[in-house]
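Novice: Quick one, start-v8.txt (compact mmCIF, N, CA and C atoms):
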# COMPACT_ATOMS: atom_id res chain seq x y z
N MET A 15 0.83 -1.18 0.00
CA MET A 15 0.00 0.00 0.00
C MET A 15 0.88 1.24 0.00
N GLU A 16 0.60 2.17 -0.85
CA GLU A 16 1.39 3.39 -0.98
C GLU A 16 0.91 4.43 0.02
N ASP A 17 1.86 5.04 0.71
CA ASP A 17 1.56 6.09 1.68
C ASP A 17 2.42 7.29 1.35
N ILE A 18 1.80 8.38 0.93
CA ILE A 18 2.57 9.55 0.49
C ILE A 18 3.37 10.18 1.63
N ASN A 19 3.00 9.89 2.88
CA ASN A 19 3.73 10.46 4.01
C ASN A 19 5.02 9.71 4.32
N ILE A 20 5.22 8.56 3.73
CA ILE A 20 6.46 7.82 3.94
C ILE A 20 7.61 8.47 3.19
N GLY A 21 7.35 8.93 1.98
CA GLY A 21 8.39 9.61 1.21
C GLY A 21 8.79 8.85 -0.03
N VAL A 22 9.87 9.32 -0.63
CA VAL A 22 10.39 8.75 -1.86
C VAL A 22 11.86 8.42 -1.64
N GLY A 23 12.29 7.29 -2.16
CA GLY A 23 13.70 6.92 -2.03
C GLY A 23 13.95 5.59 -2.70
N VAL A 24 15.15 5.09 -2.53
CA VAL A 24 15.50 3.77 -3.06
C VAL A 24 15.51 2.77 -1.92
N THR A 25 15.25 1.52 -2.26
CA THR A 25 15.31 0.45 -1.27
C THR A 25 16.55 -0.40 -1.55
N PHE A 26 16.94 -1.18 -0.58
CA PHE A 26 18.11 -2.02 -0.71
C PHE A 26 17.71 -3.46 -0.51
N PRO A 27 18.25 -4.40 -1.24
CA PRO A 27 19.25 -4.17 -2.30
C PRO A 27 18.62 -3.43 -3.47
N LEU A 28 19.47 -2.72 -4.20
CA LEU A 28 19.01 -1.98 -5.36
C LEU A 28 18.46 -2.94 -6.41
N ASN A 29 17.34 -2.60 -6.98
CA ASN A 29 16.73 -3.44 -8.01
C ASN A 29 16.68 -2.68 -9.33
N VAL A 30 17.18 -3.31 -10.37
CA VAL A 30 17.11 -2.71 -11.70
C VAL A 30 15.75 -3.08 -12.28
N THR A 31 15.00 -2.05 -12.65
CA THR A 31 13.66 -2.26 -13.21
C THR A 31 13.51 -1.48 -14.50
N ASN A 32 12.44 -1.75 -15.22
CA ASN A 32 12.15 -1.03 -16.45
C ASN A 32 11.14 0.07 -16.18
N ASN A 33 11.39 1.22 -16.76
CA ASN A 33 10.47 2.34 -16.64
C ASN A 33 10.47 3.05 -17.99
N SER A 34 9.35 3.03 -18.65
CA SER A 34 9.21 3.66 -19.98
C SER A 34 10.25 3.13 -20.96
N GLY A 35 10.52 1.82 -20.89
CA GLY A 35 11.45 1.21 -21.82
C GLY A 35 12.91 1.35 -21.46
N LYS A 36 13.22 1.99 -20.35
CA LYS A 36 14.62 2.16 -19.92
C LYS A 36 14.84 1.41 -18.62
N SER A 37 16.00 0.71 -18.55
CA SER A 37 16.35 -0.01 -17.34
C SER A 37 17.16 0.89 -16.43
N GLY A 38 16.92 0.75 -15.13
CA GLY A 38 17.67 1.53 -14.16
C GLY A 38 17.15 1.31 -12.76
N VAL A 39 17.73 2.03 -11.82
CA VAL A 39 17.29 1.99 -10.43
C VAL A 39 16.40 3.20 -10.22
N TYR A 40 15.13 2.95 -9.98
CA TYR A 40 14.17 4.04 -9.84
C TYR A 40 13.68 4.11 -8.39
N PRO A 41 13.47 5.31 -7.89
CA PRO A 41 12.99 5.45 -6.52
C PRO A 41 11.57 4.92 -6.37
N VAL A 42 11.27 4.45 -5.16
CA VAL A 42 9.92 4.02 -4.85
C VAL A 42 9.24 5.13 -4.06
N ASP A 43 7.93 5.17 -4.16
CA ASP A 43 7.17 6.24 -3.54
C ASP A 43 6.19 5.66 -2.52
N GLY A 44 6.34 6.03 -1.26
CA GLY A 44 5.39 5.62 -0.23
C GLY A 44 5.46 4.16 0.17
N ASP A 45 6.59 3.51 -0.02
CA ASP A 45 6.72 2.08 0.28
C ASP A 45 7.27 1.91 1.70
N ILE A 46 6.66 1.03 2.47
CA ILE A 46 7.08 0.75 3.84
C ILE A 46 8.52 0.26 3.90
N ARG A 47 9.03 -0.29 2.78
CA ARG A 47 10.43 -0.75 2.76
C ARG A 47 11.40 0.39 3.01
N LEU A 48 11.03 1.62 2.70
CA LEU A 48 11.90 2.77 2.98
C LEU A 48 12.14 2.90 4.48
N ILE A 49 11.11 2.70 5.26
CA ILE A 49 11.26 2.77 6.72
C ILE A 49 12.00 1.55 7.24
N THR A 50 11.65 0.38 6.73
CA THR A 50 12.33 -0.84 7.16
C THR A 50 13.82 -0.76 6.88
N ASP A 51 14.20 -0.31 5.69
CA ASP A 51 15.62 -0.18 5.34
C ASP A 51 16.33 0.80 6.26
N ASN A 52 15.66 1.89 6.61
CA ASN A 52 16.27 2.87 7.50
C ASN A 52 16.45 2.29 8.90
N LEU A 53 15.46 1.55 9.39
CA LEU A 53 15.59 0.92 10.70
C LEU A 53 16.73 -0.10 10.72
N VAL A 54 16.83 -0.89 9.66
CA VAL A 54 17.93 -1.86 9.58
C VAL A 54 19.27 -1.13 9.60
N SER A 55 19.38 -0.03 8.89
CA SER A 55 20.62 0.75 8.90
C SER A 55 20.93 1.28 10.30
N ILE A 56 19.92 1.80 10.97
CA ILE A 56 20.13 2.30 12.34
C ILE A 56 20.63 1.17 13.24
N LEU A 57 20.08 -0.02 13.08
CA LEU A 57 20.46 -1.15 13.92
C LEU A 57 21.83 -1.72 13.56
N GLN A 58 22.24 -1.61 12.31
CA GLN A 58 23.50 -2.22 11.90
C GLN A 58 24.70 -1.30 12.02
N TYR A 59 24.50 -0.01 12.08
CA TYR A 59 25.62 0.93 12.20
C TYR A 59 25.88 1.25 13.66
N THR A 60 27.14 1.25 14.01
CA THR A 60 27.59 1.70 15.32
C THR A 60 27.90 3.19 15.21
N ILE A 61 27.60 3.94 16.25
CA ILE A 61 27.91 5.37 16.23
C ILE A 61 29.40 5.54 15.95
N GLY A 62 29.71 6.44 15.02
CA GLY A 62 31.09 6.70 14.62
C GLY A 62 31.54 5.92 13.39
N GLN A 63 30.72 5.00 12.93
CA GLN A 63 31.09 4.14 11.81
C GLN A 63 30.80 4.76 10.46
N ARG A 64 29.81 5.61 10.35
CA ARG A 64 29.38 6.17 9.08
C ARG A 64 30.16 7.45 8.77
N VAL A 65 30.70 7.53 7.58
CA VAL A 65 31.50 8.68 7.17
C VAL A 65 30.60 9.90 6.99
N ARG A 66 30.99 11.01 7.54
CA ARG A 66 30.31 12.31 7.44
C ARG A 66 28.93 12.31 8.09
N GLN A 67 28.63 11.27 8.83
CA GLN A 67 27.41 11.23 9.64
C GLN A 67 27.74 10.38 10.86
N GLU A 68 28.76 10.85 11.59
CA GLU A 68 29.35 10.07 12.66
C GLU A 68 28.41 9.76 13.82
N ASP A 69 27.37 10.52 14.00
CA ASP A 69 26.45 10.26 15.11
C ASP A 69 25.28 9.35 14.72
N PHE A 70 25.27 8.85 13.47
CA PHE A 70 24.22 7.93 13.01
C PHE A 70 24.50 6.53 13.55
N GLY A 71 23.46 5.85 13.98
CA GLY A 71 23.61 4.46 14.42
C GLY A 71 23.19 4.28 15.86
N ASN A 72 23.74 3.25 16.49
CA ASN A 72 23.36 2.93 17.86
C ASN A 72 24.59 2.57 18.68
N ARG A 73 24.37 2.34 19.97
CA ARG A 73 25.46 2.03 20.90
C ARG A 73 25.43 0.59 21.38
N LEU A 74 24.76 -0.29 20.68
CA LEU A 74 24.61 -1.66 21.16
C LEU A 74 25.93 -2.38 21.36
N VAL A 75 26.93 -2.05 20.57
CA VAL A 75 28.21 -2.74 20.68
C VAL A 75 28.80 -2.63 22.09
N SER A 76 28.47 -1.57 22.80
CA SER A 76 29.03 -1.38 24.14
C SER A 76 28.35 -2.24 25.20
N ILE A 77 27.18 -2.80 24.90
CA ILE A 77 26.46 -3.57 25.92
C ILE A 77 26.04 -4.97 25.47
N ILE A 78 26.20 -5.29 24.23
CA ILE A 78 25.59 -6.50 23.67
C ILE A 78 26.12 -7.79 24.30
N GLU A 79 27.29 -7.77 24.90
CA GLU A 79 27.83 -8.98 25.51
C GLU A 79 27.56 -9.07 27.01
N GLU A 80 26.77 -8.17 27.52
CA GLU A 80 26.42 -8.20 28.95
C GLU A 80 25.50 -9.38 29.24
N PRO A 81 25.42 -9.77 30.53
CA PRO A 81 24.52 -10.88 30.89
C PRO A 81 23.08 -10.59 30.50
N ASN A 82 22.36 -11.66 30.19
CA ASN A 82 20.97 -11.54 29.78
C ASN A 82 20.10 -11.37 31.02
N ASN A 83 19.79 -10.12 31.32
CA ASN A 83 18.92 -9.84 32.46
C ASN A 83 18.12 -8.58 32.15
N LEU A 84 17.40 -8.11 33.12
CA LEU A 84 16.57 -6.92 32.89
C LEU A 84 17.40 -5.68 32.58
N VAL A 85 18.62 -5.63 33.10
CA VAL A 85 19.48 -4.48 32.84
C VAL A 85 19.84 -4.43 31.35
N LEU A 86 20.20 -5.57 30.77
CA LEU A 86 20.50 -5.63 29.33
C LEU A 86 19.26 -5.26 28.53
N ASP A 87 18.13 -5.82 28.88
CA ASP A 87 16.90 -5.54 28.16
C ASP A 87 16.58 -4.05 28.19
N ARG A 88 16.72 -3.43 29.33
CA ARG A 88 16.43 -2.00 29.47
C ARG A 88 17.45 -1.15 28.72
N ALA A 89 18.73 -1.56 28.75
CA ALA A 89 19.76 -0.79 28.04
C ALA A 89 19.55 -0.87 26.53
N VAL A 90 19.24 -2.05 26.01
CA VAL A 90 18.95 -2.21 24.58
C VAL A 90 17.75 -1.34 24.21
N TYR A 91 16.72 -1.40 25.03
CA TYR A 91 15.52 -0.60 24.78
C TYR A 91 15.87 0.89 24.71
N THR A 92 16.62 1.36 25.69
CA THR A 92 16.97 2.78 25.76
C THR A 92 17.84 3.21 24.59
N TYR A 93 18.89 2.45 24.30
CA TYR A 93 19.81 2.82 23.22
C TYR A 93 19.11 2.82 21.86
N LEU A 94 18.29 1.80 21.61
CA LEU A 94 17.60 1.75 20.33
C LEU A 94 16.52 2.81 20.23
N ARG A 95 15.82 3.04 21.31
CA ARG A 95 14.77 4.07 21.29
C ARG A 95 15.37 5.44 20.98
N LEU A 96 16.49 5.76 21.59
CA LEU A 96 17.16 7.05 21.33
C LEU A 96 17.56 7.17 19.86
N ALA A 97 18.15 6.11 19.32
CA ALA A 97 18.61 6.14 17.92
C ALA A 97 17.43 6.23 16.96
N ILE A 98 16.40 5.44 17.20
CA ILE A 98 15.25 5.43 16.30
C ILE A 98 14.50 6.76 16.36
N ASN A 99 14.31 7.29 17.55
CA ASN A 99 13.63 8.58 17.68
C ASN A 99 14.38 9.69 16.97
N LYS A 100 15.70 9.60 16.96
CA LYS A 100 16.51 10.64 16.32
C LYS A 100 16.47 10.55 14.80
N TYR A 101 16.47 9.34 14.25
CA TYR A 101 16.64 9.17 12.80
C TYR A 101 15.44 8.61 12.06
N GLU A 102 14.37 8.30 12.74
CA GLU A 102 13.19 7.79 12.04
C GLU A 102 11.92 8.44 12.60
N PRO A 103 11.66 9.68 12.18
CA PRO A 103 10.51 10.42 12.71
C PRO A 103 9.16 9.97 12.16
N ARG A 104 9.14 9.05 11.21
CA ARG A 104 7.89 8.61 10.59
C ARG A 104 7.18 7.53 11.38
N ILE A 105 7.79 7.07 12.50
CA ILE A 105 7.19 5.99 13.27
C ILE A 105 7.14 6.33 14.75
N THR A 106 6.31 5.58 15.47
CA THR A 106 6.28 5.61 16.93
C THR A 106 6.60 4.21 17.40
N VAL A 107 7.65 4.06 18.20
CA VAL A 107 8.04 2.75 18.71
C VAL A 107 7.07 2.33 19.80
N ARG A 108 6.52 1.14 19.68
CA ARG A 108 5.60 0.60 20.67
C ARG A 108 6.32 -0.32 21.66
N ASP A 109 7.24 -1.14 21.14
CA ASP A 109 7.92 -2.09 22.02
C ASP A 109 9.24 -2.51 21.38
N ILE A 110 10.22 -2.76 22.23
CA ILE A 110 11.48 -3.35 21.80
C ILE A 110 11.72 -4.53 22.73
N HIS A 111 11.72 -5.72 22.16
CA HIS A 111 11.84 -6.95 22.94
C HIS A 111 13.18 -7.61 22.62
N THR A 112 13.90 -8.01 23.66
CA THR A 112 15.22 -8.61 23.50
C THR A 112 15.24 -10.01 24.12
N VAL A 113 15.76 -10.98 23.37
CA VAL A 113 15.96 -12.33 23.89
C VAL A 113 17.37 -12.75 23.53
N LYS A 114 18.14 -13.15 24.54
CA LYS A 114 19.51 -13.61 24.30
C LYS A 114 19.52 -15.12 24.46
N ASN A 115 20.05 -15.80 23.41
CA ASN A 115 20.12 -17.25 23.40
C ASN A 115 21.56 -17.64 23.06
N GLY A 116 22.36 -17.92 24.06
CA GLY A 116 23.77 -18.20 23.82
C GLY A 116 24.47 -16.96 23.30
N ASN A 117 25.08 -17.07 22.11
CA ASN A 117 25.79 -15.95 21.51
C ASN A 117 24.91 -15.09 20.62
N ILE A 118 23.64 -15.43 20.51
CA ILE A 118 22.73 -14.71 19.62
C ILE A 118 21.79 -13.82 20.45
N VAL A 119 21.70 -12.56 20.06
CA VAL A 119 20.76 -11.64 20.68
C VAL A 119 19.70 -11.30 19.63
N ASN A 120 18.47 -11.67 19.91
CA ASN A 120 17.35 -11.39 19.01
C ASN A 120 16.61 -10.16 19.50
N ILE A 121 16.37 -9.22 18.60
CA ILE A 121 15.68 -7.99 18.94
C ILE A 121 14.49 -7.85 18.00
N VAL A 122 13.33 -7.60 18.58
CA VAL A 122 12.12 -7.36 17.79
C VAL A 122 11.59 -5.98 18.17
N ILE A 123 11.44 -5.14 17.16
CA ILE A 123 10.91 -3.78 17.35
C ILE A 123 9.51 -3.75 16.77
N THR A 124 8.55 -3.34 17.57
CA THR A 124 7.18 -3.16 17.12
C THR A 124 6.91 -1.67 17.08
N TYR A 125 6.35 -1.21 15.96
CA TYR A 125 6.14 0.23 15.79
C TYR A 125 4.88 0.50 14.99
N ASN A 126 4.43 1.74 15.07
CA ASN A 126 3.28 2.21 14.29
C ASN A 126 3.73 3.33 13.38
N LEU A 127 3.18 3.34 12.16
CA LEU A 127 3.40 4.48 11.28
C LEU A 127 2.60 5.66 11.81
N ILE A 128 3.23 6.81 11.87
CA ILE A 128 2.54 8.00 12.35
C ILE A 128 1.44 8.41 11.37
N SER A 129 1.68 8.22 10.08
CA SER A 129 0.74 8.69 9.07
C SER A 129 -0.61 7.99 9.09
N ASN A 130 -0.61 6.68 9.40
CA ASN A 130 -1.89 5.97 9.36
C ASN A 130 -2.13 5.03 10.54
N GLY A 131 -1.19 4.95 11.46
CA GLY A 131 -1.35 4.13 12.66
C GLY A 131 -1.15 2.65 12.48
N SER A 132 -0.84 2.19 11.26
CA SER A 132 -0.68 0.74 11.05
C SER A 132 0.52 0.22 11.82
N GLU A 133 0.37 -1.01 12.34
CA GLU A 133 1.43 -1.61 13.16
C GLU A 133 2.31 -2.52 12.32
N HIS A 134 3.60 -2.45 12.58
CA HIS A 134 4.59 -3.26 11.88
C HIS A 134 5.62 -3.73 12.89
N SER A 135 6.42 -4.71 12.50
CA SER A 135 7.51 -5.15 13.37
C SER A 135 8.71 -5.52 12.53
N LEU A 136 9.85 -5.46 13.17
CA LEU A 136 11.11 -5.77 12.52
C LEU A 136 11.95 -6.57 13.50
N GLY A 137 12.49 -7.69 13.06
CA GLY A 137 13.35 -8.50 13.90
C GLY A 137 14.74 -8.61 13.32
N LEU A 138 15.72 -8.51 14.19
CA LEU A 138 17.12 -8.67 13.79
C LEU A 138 17.84 -9.51 14.84
N SER A 139 18.87 -10.21 14.40
CA SER A 139 19.69 -11.00 15.31
C SER A 139 21.12 -10.52 15.25
N TYR A 140 21.73 -10.43 16.42
CA TYR A 140 23.15 -10.09 16.54
C TYR A 140 23.89 -11.30 17.04
N ASN A 141 25.00 -11.62 16.41
CA ASN A 141 25.88 -12.68 16.88
C ASN A 141 27.01 -12.01 17.63
N THR A 142 27.17 -12.34 18.92
CA THR A 142 28.16 -11.66 19.75
C THR A 142 29.57 -12.23 19.59
N ASN A 143 29.72 -13.24 18.75
CA ASN A 143 31.08 -13.79 18.51
C ASN A 143 31.88 -12.88 17.62
Could you render the structure as structure tokens?
Specialist:
Amino acid sequence: MEDINIGVGVTFPLNVTNNSGKSGVYPVDGDIRLITDNLVSILQYTIGQRVRQEDFGNRLVSIIEEPNNLVLDRAVYTYLRLAINKYEPRITVRDIHTVKNGNIVNIVITYNLISNGSEHSLGLSYNTN
């Protein structure tokens, strides 16, 4: 479903498509993948890692190997909430759930689009090795 409040941009991986008989990478308009891709980028970049946008990303690397307890869960929630609120104004975070299983940390973010209130979720896994 297209939502004009989401914006226009490219999604990743880049897809070569045809438009008026010409092949190329064309921006998508109002696609939820634009938000999903941005959230994935926020989760995968550590602060200081991105060139010329050094404050983009999150601080999970500093806590991800801590014991699996309420303190880790709260720290992950806080760090991700700060990063998402700063770089993804098109959503409202409803919940961030963390489960650590051995060396794998699973994070599920549940959020609503501000434009229409629809609920979505995104899950990512971090390997602490």
Novice: Could you check how far atom CA of A:Glu80 sits from atom CA of A:Tyr101, in Å to one decimal?
Specialist: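 Calculated distance between atom CA of A:Glu80 and atom CA of A:Tyr101 is 25.7 Å.
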Novice: Using only C-alpha atoms, which residue out of A:Thr106, A:Arg64, A:Val85, A:Val54 lies closest to A:Tyr125?
Specialist: A:Thr106
Novice: Report, in Å with one decimal, the straight-line distance from atom C of A:Ile20 to atom N of A:Ile49.
Specialist: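 Interatomic distance here is 7.1 Å.
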Novice: Quick one: residues within 12 Å of A:Arg88, only C-alpha atoms counted, chain neighbours fewer than 2 positions away excluded, as a VMD selection string?
Specialist: chain A and resid 74 77 to 78 80 82 to 86 90 to 95 109 to 113
Novice: What is the distance, in Å and to one decimal place, between atom C of A:Leu53 and atom CA of A:Leu127?
Specialist: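 Atom CA of A:Leu127 lies 14.1 Å from atom C of A:Leu53.
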Novice: Leaving out A:Asn126 and any residue of its chain fewer than 5 positions from it, which residues lie within 6 Å of it when counting all atoms listed in the file, given as a list of chain:residue names?
Specialist: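 Near neighbours after the sequence-gap exclusion: A:Arg104, A:Ile105, A:Thr106, A:Val107, A:Arg108, A:Gly131, A:Ser132, A:Glu133, A:His134.
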Novice: Taking (8.9, 1.6, 2.3) in the coordinates of the supplied file, I want to know which residues reach to within 10 Å of it, counting only C-alpha atoms; could you give the answer as a list in words?
Specialist: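 Residues found, by chain and rising number: Met15, Glu16, Asp17, Ile20, Gly21, Val22, Gly23, Val24, Thr25, Val42, Asp43, Gly44, Asp45, Ile46, Arg47, Leu48, Ile49, Thr50, Asp51 and Asn52 of chain A.
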Novice: Limited to N, CA and C atoms, could you put the picked residues into a file as an mmCIF file, in the coordinates of the input?
Specialist:
data_model
loop_
_atom_site.group_PDB
_atom_site.id
_atom_site.type_symbol
_atom_site.label_atom_id
_atom_site.label_comp_id
_atom_site.auth_asym_id
_atom_site.auth_seq_id
_atom_site.Cartn_x
_atom_site.Cartn_y
_atom_site.Cartn_z
ATOM 1 N N MET A 15 0.830 -1.180 0.000
ATOM 2 C CA MET A 15 0.000 0.000 0.000
ATOM 3 C C MET A 15 0.880 1.240 0.000
ATOM 4 N N GLU A 16 0.600 2.170 -0.850
ATOM 5 C CA GLU A 16 1.390 3.390 -0.980
ATOM 6 C C GLU A 16 0.910 4.430 0.020
ATOM 7 N N ASP A 17 1.860 5.040 0.710
ATOM 8 C CA ASP A 17 1.560 6.090 1.680
ATOM 9 C C ASP A 17 2.420 7.290 1.350
ATOM 10 N N ILE A 20 5.220 8.560 3.730
ATOM 11 C CA ILE A 20 6.460 7.820 3.940
ATOM 12 C C ILE A 20 7.610 8.470 3.190
ATOM 13 N N GLY A 21 7.350 8.930 1.980
ATOM 14 C CA GLY A 21 8.390 9.610 1.210
ATOM 15 C C GLY A 21 8.790 8.850 -0.030
ATOM 16 N N VAL A 22 9.870 9.320 -0.630
ATOM 17 C CA VAL A 22 10.390 8.750 -1.860
ATOM 18 C C VAL A 22 11.860 8.420 -1.640
ATOM 19 N N GLY A 23 12.290 7.290 -2.160
ATOM 20 C CA GLY A 23 13.700 6.920 -2.030
ATOM 21 C C GLY A 23 13.950 5.590 -2.700
ATOM 22 N N VAL A 24 15.150 5.090 -2.530
ATOM 23 C CA VAL A 24 15.500 3.770 -3.060
ATOM 24 C C VAL A 24 15.510 2.770 -1.920
ATOM 25 N N THR A 25 15.250 1.520 -2.260
ATOM 26 C CA THR A 25 15.310 0.450 -1.270
ATOM 27 C C THR A 25 16.550 -0.400 -1.550
ATOM 28 N N VAL A 42 11.270 4.450 -5.160
ATOM 29 C CA VAL A 42 9.920 4.020 -4.850
ATOM 30 C C VAL A 42 9.240 5.130 -4.060
ATOM 31 N N ASP A 43 7.930 5.170 -4.160
ATOM 32 C CA ASP A 43 7.170 6.240 -3.540
ATOM 33 C C ASP A 43 6.190 5.660 -2.520
ATOM 34 N N GLY A 44 6.340 6.030 -1.260
ATOM 35 C CA GLY A 44 5.390 5.620 -0.230
ATOM 36 C C GLY A 44 5.460 4.160 0.170
ATOM 37 N N ASP A 45 6.590 3.510 -0.020
ATOM 38 C CA ASP A 45 6.720 2.080 0.280
ATOM 39 C C ASP A 45 7.270 1.910 1.700
ATOM 40 N N ILE A 46 6.660 1.030 2.470
ATOM 41 C CA ILE A 46 7.080 0.750 3.840
ATOM 42 C C ILE A 46 8.520 0.260 3.900
ATOM 43 N N ARG A 47 9.030 -0.290 2.780
ATOM 44 C CA ARG A 47 10.430 -0.750 2.760
ATOM 45 C C ARG A 47 11.400 0.390 3.010
ATOM 46 N N LEU A 48 11.030 1.620 2.700
ATOM 47 C CA LEU A 48 11.900 2.770 2.980
ATOM 48 C C LEU A 48 12.140 2.900 4.480
ATOM 49 N N ILE A 49 11.110 2.700 5.260
ATOM 50 C CA ILE A 49 11.260 2.770 6.720
ATOM 51 C C ILE A 49 12.000 1.550 7.240
ATOM 52 N N THR A 50 11.650 0.380 6.730
ATOM 53 C CA THR A 50 12.330 -0.840 7.160
ATOM 54 C C THR A 50 13.820 -0.760 6.880
ATOM 55 N N ASP A 51 14.200 -0.310 5.690
ATOM 56 C CA ASP A 51 15.620 -0.180 5.340
ATOM 57 C C ASP A 51 16.330 0.800 6.260
ATOM 58 N N ASN A 52 15.660 1.890 6.610
ATOM 59 C CA ASN A 52 16.270 2.870 7.500
ATOM 60 C C ASN A 52 16.450 2.290 8.900
#
Novice: Using the atoms already present, construct all heavy atoms for stretch 130-137 of chain A and hand them back as a short mmCIF file (atom, residue, chain, number, x, y, z; two decimals), keeping the file's coordinate frame.
Specialist:
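Final output, part.cif:
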data_model
loop_
_atom_site.label_atom_id
_atom_site.label_comp_id
_atom_site.auth_asym_id
_atom_site.auth_seq_id
_atom_site.Cartn_x
_atom_site.Cartn_y
_atom_site.Cartn_z
N ASN A 130 -0.61 6.68 9.40
CA ASN A 130 -1.89 5.97 9.36
C ASN A 130 -2.13 5.03 10.54
O ASN A 130 -3.15 4.37 10.60
CB ASN A 130 -2.04 5.21 8.03
CG ASN A 130 -1.01 4.12 7.87
OD1 ASN A 130 -0.36 3.70 8.81
ND2 ASN A 130 -0.86 3.65 6.64
N GLY A 131 -1.19 4.95 11.46
CA GLY A 131 -1.35 4.13 12.66
C GLY A 131 -1.15 2.65 12.48
O GLY A 131 -1.28 1.89 13.44
N SER A 132 -0.84 2.19 11.26
CA SER A 132 -0.68 0.74 11.05
C SER A 132 0.52 0.22 11.82
O SER A 132 1.53 0.88 11.97
CB SER A 132 -0.54 0.43 9.56
OG SER A 132 0.61 1.03 9.02
N GLU A 133 0.37 -1.01 12.34
CA GLU A 133 1.43 -1.61 13.16
C GLU A 133 2.31 -2.52 12.32
O GLU A 133 1.83 -3.27 11.47
CB GLU A 133 0.81 -2.40 14.31
CG GLU A 133 1.86 -2.96 15.25
CD GLU A 133 1.26 -3.58 16.49
OE1 GLU A 133 0.75 -2.83 17.34
OE2 GLU A 133 1.28 -4.82 16.57
N HIS A 134 3.60 -2.45 12.58
CA HIS A 134 4.59 -3.26 11.88
C HIS A 134 5.62 -3.73 12.89
O HIS A 134 5.72 -3.20 13.99
CB HIS A 134 5.29 -2.44 10.79
CG HIS A 134 4.34 -1.88 9.78
ND1 HIS A 134 3.99 -2.56 8.64
CD2 HIS A 134 3.65 -0.71 9.76
CE1 HIS A 134 3.14 -1.83 7.95
NE2 HIS A 134 2.91 -0.70 8.61
N SER A 135 6.42 -4.71 12.50
CA SER A 135 7.51 -5.15 13.37
C SER A 135 8.71 -5.52 12.53
O SER A 135 8.60 -5.82 11.34
CB SER A 135 7.08 -6.34 14.24
OG SER A 135 6.76 -7.44 13.45
N LEU A 136 9.85 -5.46 13.17
CA LEU A 136 11.11 -5.77 12.52
C LEU A 136 11.95 -6.57 13.50
O LEU A 136 12.10 -6.17 14.66
CB LEU A 136 11.85 -4.47 12.12
CG LEU A 136 13.27 -4.66 11.59
CD1 LEU A 136 13.24 -5.34 10.23
CD2 LEU A 136 13.98 -3.32 11.50
N GLY A 137 12.49 -7.69 13.06
CA GLY A 137 13.35 -8.50 13.90
C GLY A 137 14.74 -8.61 13.32
O GLY A 137 14.90 -8.73 12.10
#
